[in-house]
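Trainee: Sharing a structure here in structure tokens format.
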Amino acid sequence: MQTPDSTRFEIKMVTAELMLPQVRSWLQVHPSGFYRPYPNRQINNVYFDTPHLSNFVDNLAGVSQRRKLRLRWYGADPSAAQGTLELKCKRNLYGWKESQRLSKCLNLLNSRWLDLIQFIRQDLTGVLQTYFNNAILPVLINQYHREYYLSFDGKVRVTIDSANTVYNQTLSGSPNLTFAIPPAGGANAIIEVKADRADQQALADFFPDFPLRVGRHSKYALGMEAIFS
């Protein structure tokens, strides 16, 4: 498990999606010289929780040290999902994660959750296997569009997530990618700014020229609120 000394700062901001042209303009003229190192792509996540929804409850309570377990894959084809299981850990503004790529693609269009869970459990090792055994309940899938930006010196990374779609998994024996529900909070974009702990000054220099308010935001928590609303 990683230690706080190897974590990174993760700071989030939220704005309406109609503000995205302005957000991109701020990045284009920012003195840190941001450019786009990767093409845009679709991100997909299956979030798992305990039977008592401990991860969700901790997020609602604002617990300073919390975890989320998710299976992530990229692209628009759920029948060939090359997934990576990630245990994402958060301590105040610091974040780190443990991850393991699965040995083969998953077919989320023609599989039962019981079979998918059994394969994932058998494929994992170490702390991820242990944690997955305690949090094997698939509760939601979300999909969104991500844009990537990197400062000229490589110290500050910015992502913009938009077009978030949520699918409830709590009532389905197979992955539900058909019946979407509106995410709580409406059509908002999430801007996340990241920097290694050693680059704290570069992160501090970013914000005077980027006029959005910092706040808490969890796609997982908002998705769960939408499911139970």
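Starting from 1 in every chain, residues are counted up; chains themselves are A, B, ... following the order of the structure tokens, and ligands are numbered from 1 as listed.
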Excluding Trp96 of chain A and residues on its chain fewer than 5 positions from it, collect all residues at most 7 Å away from it, counting only C-alpha atoms, and give them as a list in words.

Mentor: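 Residues near the query, excluding close chain neighbours: Gln2, Thr7, Arg8, Lys88, Cys89 and Lys90 of chain A.
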
Trainee: Print the selection's residues with N, CA and C atoms to a file, as a PDB file, in the first residue's frame.

Mentor:
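Contents of the output file selection15.pdb:
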```pdb
ATOM      1  N   GLN A   2       0.466   2.231  -0.770  1.00  0.00           N
ATOM      2  CA  GLN A   2       1.252   3.442  -0.831  1.00  0.00           C
ATOM      3  C   GLN A   2       1.118   4.236   0.460  1.00  0.00           C
ATOM      4  N   THR A   7       1.802  10.095  -2.288  1.00  0.00           N
ATOM      5  CA  THR A   7       0.499  10.495  -2.794  1.00  0.00           C
ATOM      6  C   THR A   7       0.618  11.734  -3.661  1.00  0.00           C
ATOM      7  N   ARG A   8      -0.514  12.111  -4.224  1.00  0.00           N
ATOM      8  CA  ARG A   8      -0.582  13.335  -5.008  1.00  0.00           C
ATOM      9  C   ARG A   8      -1.744  14.178  -4.509  1.00  0.00           C
ATOM     10  N   LYS A  88      -9.245   3.116  -4.902  1.00  0.00           N
ATOM     11  CA  LYS A  88      -8.844   4.518  -4.824  1.00  0.00           C
ATOM     12  C   LYS A  88      -8.982   4.993  -3.389  1.00  0.00           C
ATOM     13  N   CYS A  89      -7.896   5.517  -2.859  1.00  0.00           N
ATOM     14  CA  CYS A  89      -7.846   5.948  -1.463  1.00  0.00           C
ATOM     15  C   CYS A  89      -7.701   7.468  -1.391  1.00  0.00           C
ATOM     16  N   LYS A  90      -8.327   8.041  -0.389  1.00  0.00           N
ATOM     17  CA  LYS A  90      -8.322   9.498  -0.238  1.00  0.00           C
ATOM     18  C   LYS A  90      -8.090   9.844   1.225  1.00  0.00           C
TER      19      LYS A  90
END
```

Trainee: Pull the strand (DSSP E) assignments for segment 70-127 of chain A out of DSSP run on the backbone, and list those residues as a short mmCIF file (atom, residue, chain, number, x, y, z; two decimals) with C-alpha atoms, in the first residue's frame.

Mentor:
```
data_model
loop_
_atom_site.label_atom_id
_atom_site.label_comp_id
_atom_site.auth_asym_id
_atom_site.auth_seq_id
_atom_site.Cartn_x
_atom_site.Cartn_y
_atom_site.Cartn_z
CA ARG A 70 -14.08 0.35 -9.07
CA LEU A 71 -13.49 -1.55 -12.28
CA ARG A 72 -12.40 0.90 -14.99
CA TRP A 73 -12.15 0.48 -18.75
CA TYR A 74 -11.89 2.83 -21.71
CA THR A 84 -8.42 -2.56 -14.35
CA LEU A 85 -9.62 -2.92 -10.78
CA GLU A 86 -8.69 0.14 -8.73
CA LEU A 87 -8.86 0.74 -5.00
CA LYS A 88 -8.84 4.52 -4.82
CA CYS A 89 -7.85 5.95 -1.46
CA LYS A 90 -8.32 9.50 -0.24
CA ARG A 91 -6.98 11.33 2.80
CA TYR A 94 -4.21 13.60 -0.90
CA GLY A 95 -5.05 10.63 -3.10
CA TRP A 96 -3.41 7.37 -4.17
CA LYS A 97 -4.57 4.05 -5.53
CA GLU A 98 -3.78 0.37 -5.81
CA SER A 99 -4.60 -1.17 -9.20
CA GLN A 100 -4.43 -4.45 -11.08
CA ARG A 101 -5.26 -5.04 -14.72
#
```

Trainee: I need the residues of segment 72-197 of chain A that end up classed as alpha helix (DSSP H) by DSSP on the backbone, written out as a VMD selection string.

Mentor: chain A and resid 113 to 123 126 to 134

Trainee: Go through A:Val14, A:Met19, A:Leu102, A:Leu114 and flag the residue nearest Ser174 of chain A, using only C-alpha atoms for the distances.

Mentor: A:Leu114

Trainee: So that I can see what lies close to Glu225 of chain A, please list as a list in words the residues with an atom at most 12 Å from it, counting only C-alpha atoms and leaving out residues fewer than 3 positions away in the same chain.

Mentor: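 Neighbouring residues, sequence-local ones excluded: Phe56, Val57, Asn59, Leu60, Val139, Leu140, Val166, Asn168, Ile181, Pro182, Pro183, Ala184, Gly185, Gly186, Ser218, Lys219, Tyr220, Ala221, Leu222, Phe228 and Ser229 of chain A.
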
Trainee: Mind dumping the selected residues with N, CA and C atoms as an mmCIF file, in the first residue's frame?

Mentor:
```cif
data_model
loop_
_atom_site.group_PDB
_atom_site.id
_atom_site.type_symbol
_atom_site.label_atom_id
_atom_site.label_comp_id
_atom_site.auth_asym_id
_atom_site.auth_seq_id
_atom_site.Cartn_x
_atom_site.Cartn_y
_atom_site.Cartn_z
ATOM 1 N N PHE A 56 -20.034 4.353 0.383
ATOM 2 C CA PHE A 56 -20.977 5.441 0.143
ATOM 3 C C PHE A 56 -21.270 6.205 1.426
ATOM 4 N N VAL A 57 -21.494 5.487 2.510
ATOM 5 C CA VAL A 57 -21.779 6.125 3.794
ATOM 6 C C VAL A 57 -20.605 6.980 4.252
ATOM 7 N N ASN A 59 -18.427 8.466 2.390
ATOM 8 C CA ASN A 59 -18.367 9.665 1.561
ATOM 9 C C ASN A 59 -19.397 10.685 2.009
ATOM 10 N N LEU A 60 -20.616 10.243 2.278
ATOM 11 C CA LEU A 60 -21.653 11.159 2.739
ATOM 12 C C LEU A 60 -21.275 11.817 4.057
ATOM 13 N N VAL A 139 -22.888 -1.713 -7.636
ATOM 14 C CA VAL A 139 -23.995 -0.805 -7.328
ATOM 15 C C VAL A 139 -24.311 0.171 -8.454
ATOM 16 N N LEU A 140 -23.295 0.587 -9.192
ATOM 17 C CA LEU A 140 -23.584 1.485 -10.315
ATOM 18 C C LEU A 140 -22.474 1.406 -11.357
ATOM 19 N N VAL A 166 -25.334 7.603 -15.683
ATOM 20 C CA VAL A 166 -25.354 6.683 -14.543
ATOM 21 C C VAL A 166 -26.342 5.557 -14.819
ATOM 22 N N ASN A 168 -28.034 2.205 -12.781
ATOM 23 C CA ASN A 168 -28.255 1.497 -11.523
ATOM 24 C C ASN A 168 -28.005 -0.004 -11.709
ATOM 25 N N ILE A 181 -30.164 6.737 -15.579
ATOM 26 C CA ILE A 181 -30.885 7.668 -14.717
ATOM 27 C C ILE A 181 -30.109 8.977 -14.674
ATOM 28 N N PRO A 182 -30.802 10.113 -14.524
ATOM 29 C CA PRO A 182 -30.095 11.401 -14.477
ATOM 30 C C PRO A 182 -29.211 11.478 -13.241
ATOM 31 N N PRO A 183 -27.959 11.890 -13.365
ATOM 32 C CA PRO A 183 -27.107 12.026 -12.178
ATOM 33 C C PRO A 183 -27.599 13.152 -11.293
ATOM 34 N N ALA A 184 -27.468 12.969 -9.987
ATOM 35 C CA ALA A 184 -27.821 14.031 -9.053
ATOM 36 C C ALA A 184 -26.932 15.249 -9.306
ATOM 37 N N GLY A 185 -27.523 16.425 -9.228
ATOM 38 C CA GLY A 185 -26.748 17.647 -9.442
ATOM 39 C C GLY A 185 -26.853 18.192 -10.844
ATOM 40 N N GLY A 186 -27.447 17.416 -11.782
ATOM 41 C CA GLY A 186 -27.649 17.927 -13.130
ATOM 42 C C GLY A 186 -26.432 17.771 -14.017
ATOM 43 N N SER A 218 -17.994 13.931 -5.808
ATOM 44 C CA SER A 218 -17.780 12.509 -6.035
ATOM 45 C C SER A 218 -18.821 12.016 -7.030
ATOM 46 N N LYS A 219 -18.373 11.566 -8.197
ATOM 47 C CA LYS A 219 -19.314 10.998 -9.166
ATOM 48 C C LYS A 219 -20.002 9.773 -8.576
ATOM 49 N N TYR A 220 -19.259 9.010 -7.790
ATOM 50 C CA TYR A 220 -19.843 7.832 -7.170
ATOM 51 C C TYR A 220 -20.968 8.218 -6.216
ATOM 52 N N ALA A 221 -20.707 9.171 -5.335
ATOM 53 C CA ALA A 221 -21.724 9.576 -4.346
ATOM 54 C C ALA A 221 -22.947 10.182 -5.039
ATOM 55 N N LEU A 222 -22.737 11.003 -6.043
ATOM 56 C CA LEU A 222 -23.868 11.599 -6.756
ATOM 57 C C LEU A 222 -24.658 10.539 -7.522
ATOM 58 N N PHE A 228 -30.988 6.323 -5.226
ATOM 59 C CA PHE A 228 -31.867 6.216 -4.071
ATOM 60 C C PHE A 228 -32.830 7.386 -3.928
ATOM 61 N N SER A 229 -32.801 8.315 -4.865
ATOM 62 C CA SER A 229 -33.716 9.457 -4.770
ATOM 63 C C SER A 229 -35.106 9.114 -5.288
#
```

Trainee: Taking only C-alpha atoms into account, name the residue in A:Leu177, A:Leu93, A:Ala163, A:Ile136 that is nearest to Leu18 of chain A.

Mentor: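 Going through A:Leu177, A:Leu93, A:Ala163, A:Ile136 one by one, the smallest distance to Leu18 of chain A is for A:Ala163.
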
Trainee: Which residue gives the smallest distance to Tyr38 of chain A among A:Asn142, A:Thr159, A:Gln118, A:Gln82, with only C-alpha atoms counted?

Mentor: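 So, comparing all the options, the nearest one is A:Thr159.
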
Trainee: One decimal, in Å: what's the spacing between atom CA of Ile120 of chain A and atom CA of Cys105 of chain A?

Mentor: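 For atom CA of Ile120 of chain A relative to atom CA of Cys105 of chain A, the distance reads 10.8 Å.
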
Trainee: Tell me which protein, DNA and RNA residues are within 9 Å of Phe206 of chain A, counting only C-alpha atoms, leaving out same-chain ones fewer than 3 positions away, and put them as a ChimeraX atom specification.

Mentor: /A:30-32,156,201-203,209-210

Trainee: Give me, please, the distance in Å between atom CA of Ala61 of chain A and atom CA of Met224 of chain A, quoted to one decimal.

Mentor: 13.9 Å

Trainee: Which of these, A:Ile190, A:Val63, A:Leu106, A:Leu69, has the shortest distance to Ala81 of chain A once you count only C-alpha atoms?

Mentor: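 Of all the options, A:Leu106 lies closest to Ala81 of chain A.
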
Trainee: Please determine, counting only C-alpha atoms, which residue among A:Gly215, A:Gly75, A:Pro208, A:Gly33 has the shortest atom-to-atom distance to Tyr144 of chain A.

Mentor: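 Under the stated criterion, the closest residue is A:Gly75.
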
Trainee: What lies within 12 Å of Leu20 of chain A using only C-alpha atoms, ignoring chain neighbours under 6 positions off, as a VMD selection string?

Mentor: chain A and resid 14 26 to 27 147 159 to 163 187 to 191 212

Trainee: Between A:Gln42, A:Gln129, A:Thr170, A:Asn92, which is the closest to Arg216 of chain A once you count only C-alpha atoms?

Mentor: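 Smallest separation from Arg216 of chain A among the options: A:Asn92.
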
Trainee: Between atom CA of Leu116 of chain A and atom CA of Pro78 of chain A, what is the spacing in Å?

Mentor: 12.9 Å
